[in-house]
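What follows is a single structure, written as structure tokens, with notes after it.
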Amino acid sequence: MQLSATQTTVVLLHNLSQILSGLIALDIIVAAMNNGEDVCNESSEVYDLAACESSVSHATRANAGFQFFGGIMSVLTIPMVGDAADRFGRKPLFVLALVLAEVPSLLLLCVSCLNLSIYAFLAASIVDQVVPMPTLFSLWINDCTAQNDRVKIYARLSAFQSMEGIVVPLAAKLLSGKTAVLLLVALRLATLLTGCFLTESLPQRSPDRLGMSESWAAFATHWRNLPKVCAFKATRSIFLLGFVATGTGAATQSILLPFCKARFGLTSSTFAPLLTVETVSNGFVQLLITPRLARCCSLRCLFAVGLSVGGLNLLNLALAPSFRLMTGLASIAGFGSVGTPAFQTLTANFADQAGQASSLQSGAVLSALQGIQSLFLVLMPPVYQMIFSVCLSSGYAQAPFLLAALSQLICLMILLRFKASHTGLAIRSCAPGASLALYLKPDTPKQRDILSVGAVPNAMAALASPGFRTRAGSFPRPAREPPSARASALRLSSGSLCQSSLLAAAVGRRGVSGRAPRRRAIFQPEGQEEAWQSFIAVEELEGKGFGVVATRRLRRGELVLRERPLLGVPGSFEAVDLLNRTSLGQLEEDLQAALRQLSAELRRSFWALSDCHGDTKTAAGVALTNALHLGEGGGILPISARFNHSCVPNIQGTWADGCAEWRVLREVEEGEELCFSYVEPYQPQQERQRTLEQLFRFRCNCPACRAGESSDLRRLQLKDLLEALQLAALAEEVGQLARDLVPQMLELIDEELAGSPALKSKALHLGFLLALEAEEEDLAASMAGQAWQNAVLAYGPESDRAKMLEMCAEGDYHSADFEDALEMQTSDVALASPEALQSWLDG
Ligand SMILES: C[S@@+](CC[C@H](N)C(=O)[O-])C[C@H]1O[C@@H](n2cnc3c(N)ncnc32)[C@H](O)[C@@H]1O
């Protein structure tokens, strides 16, 4: 979707009036302070440099004071504005903002015509900030555009606004005083009228619209999102940089005219050429350069270009000996603006994704961020105006520009340091959904999908919640959409086994290209005869069909079965997102073709397996009931397929050298059944039962399912702790969080999941990554050591996972393969999502 013509017109008209207001207000105020005379105008008889400097300094100081209050107000109101816009729609808020923007213009008219005090105008400018227009624009753009288009759209808008920067100074040159103010009032009115024709952009309104009194109470609590958003490292690093950079830009622009007025004796009309050059350059860059750069560069790169050129331009403004040279060199200024759409996109995408993945709506998230941004955008100009006013009186008028250039340089250096060390790697690996790398390069489909897994804001809330560390306290659990098939697929492990119907992966691939079916998708692996088993037997069990039992007492970590698949399905799980396009009939056809290639004996083993999906056995039904997820594909393994499910599993499968290997997770008595978990363990009973019912047509009756609420509570705590750990890389005190949270998880795993070393190893692995992020090497080594011991039990000493963790425990995490290994190992065991499978089943 794109912005409509009315939306674009409103943005442009509003901007037109903003530029005009910025240009004429100072002249009107200085004149009002000197009985209507423009004492700064060199060609006028009343020219008086001392009076000019003193009134410019006075006006900027008074303006700074009012802006300061306005800034504080907007920080408080912006989150409520975002929330209100989520509840009542964007349009009512937009129209209100346009009405409020009319107030200061009318008062400026009164200052110029009726000699009203300039303080009335300055006070009225605060009203403008109560419902800030930039917040509403961003919401509008978020609603109407796709993430990948945003850099282009922001750039285009900025380019159009630049064109206005040419027209307005021209108008200011032709018109002055009262006529210019009248034009301003007319422009504001035109904006308001056009605004009334806007179409609502909010995709759907909240169904639970509250009554006014309740909703105001709810709004009042929404500014609490600010500290939540601030609690994260991403906000404090990348967003902070952006806020400082944009705030500095706004601040220097706000003192540019007074600076030129005091230094070169310019009026708004003689100052206009500088503005024109800057805006033409901005328009050219935003229209022609930014979209092209955005195609080949990351947002970080755009941001870095913006900071570098922005810094150089500030040096030009500070040091150019003449106004003419300053104007000439300002033609490079446009390149400084490529960072702006990049940062706007970054913020918008963050809000979008966080909004999708939590109970917070994107408006609330965006406005929380904009609340912080407004702190910089509105408070930095007054601060710079104060500095300028002091420096002007002491003869160092350039100082604020030099200070601004220095701050841009520091921001650039910090930005370039991101992603440098293994720190970035640790963030990316343990909290992919929230990683900085992701925000900085949000354009690759994989990263977008990882983010949509959605643990992010939930854990943010958990981290920010005061009861976070209390074991017994349960965290508020916002209702979330179940993860998409693709998102689930991305979480599938390349090193573990789980019950699944991922034969679909191969079939799904066919859908990608739309070409003829690929018959080779299902293959018979080499050496399929290999199977090794010890002290286990397949037996018929009451109410479960066949199952596998121990024929003697088994120790923790003991290997009981190694088996090759009878049929394998190669391919990447990324194809699973195409499940919707596949049909059960096609799968049946593919499987039948593959079965014809097998020996009669192997075919018999296949048909001996159960089919829980219908009275008549079909190849697809057998595959759906028994196929296991193996690395990047699926497979049918005749003995492994006999393992039944338990929510408190006592075996764990892993994939090694083309074989499934099964190890015992705790002491098992002779005759005890061996089961693994078909579902994600950290879900409450109801969700587990629903999945099992949908996919495997049975109800589980294991001890955890019988335990009821107490078990659910522990599993939800485990889930919250896991999400919080995945996000902890973005919080402060990363090491402390690892120290606090990992032992809590281990204790809960002992209580609830019979101390599963597989789950413990994963929790400790995350703890290791966080310790690494915190640069606490001893803690990292200890976590990696424990993770390794548990991985040896669950996956075997020769498994990739165990070997890699052993290396980490020895401090060897700088080796070349580390990044790959880490990414592979942190992905989790999971099923293809029930929704995806169901839609497949439904054909
Ligand atoms: C992969 S097979 C397991 C072996 C199967 N029992 C057999 O006879 O071949 C999956 C099927 O086993 C049954 N099953 C697995 N775990 C079960 C459990 N805990 N209780 C009851 N039935 C179970 C369900 O019918 C399920 O569809």
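Following the order of the structure tokens, chains are lettered A, B, ..., residues in each are numbered from 1, and ligands are numbered from 1.
Summary of the local environment: counting only C-alpha atoms, residues at most 12 Å from Gly545 in chain A, other than itself and those fewer than 4 positions away along its chain, are Val538, Glu539, Glu540, Leu541, Ala608, Leu609, Ser610, Asp611, Cys612, Ala641, Arg642, Phe643, Asn644, His645 and Phe698 of chain A.
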Using only C-alpha atoms and all ligand atoms, what are the residues with an atom within 10 Å of ligand 1, set out as number ranges by chain? A: 499-500, 538-548, 608-613, 621-628, 636-647, 675-678, 692-702
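If only C-alpha atoms are the atoms counted, then among A:Val181, A:Leu108, A:Ile238, A:Ala780 the closest residue to Asp812 in chain A is A:Ala780.
For the atom pair formed by CA of Leu741 in chain A and CA of Cys705 in chain A, the distance is 25.6 Å, given to one decimal.
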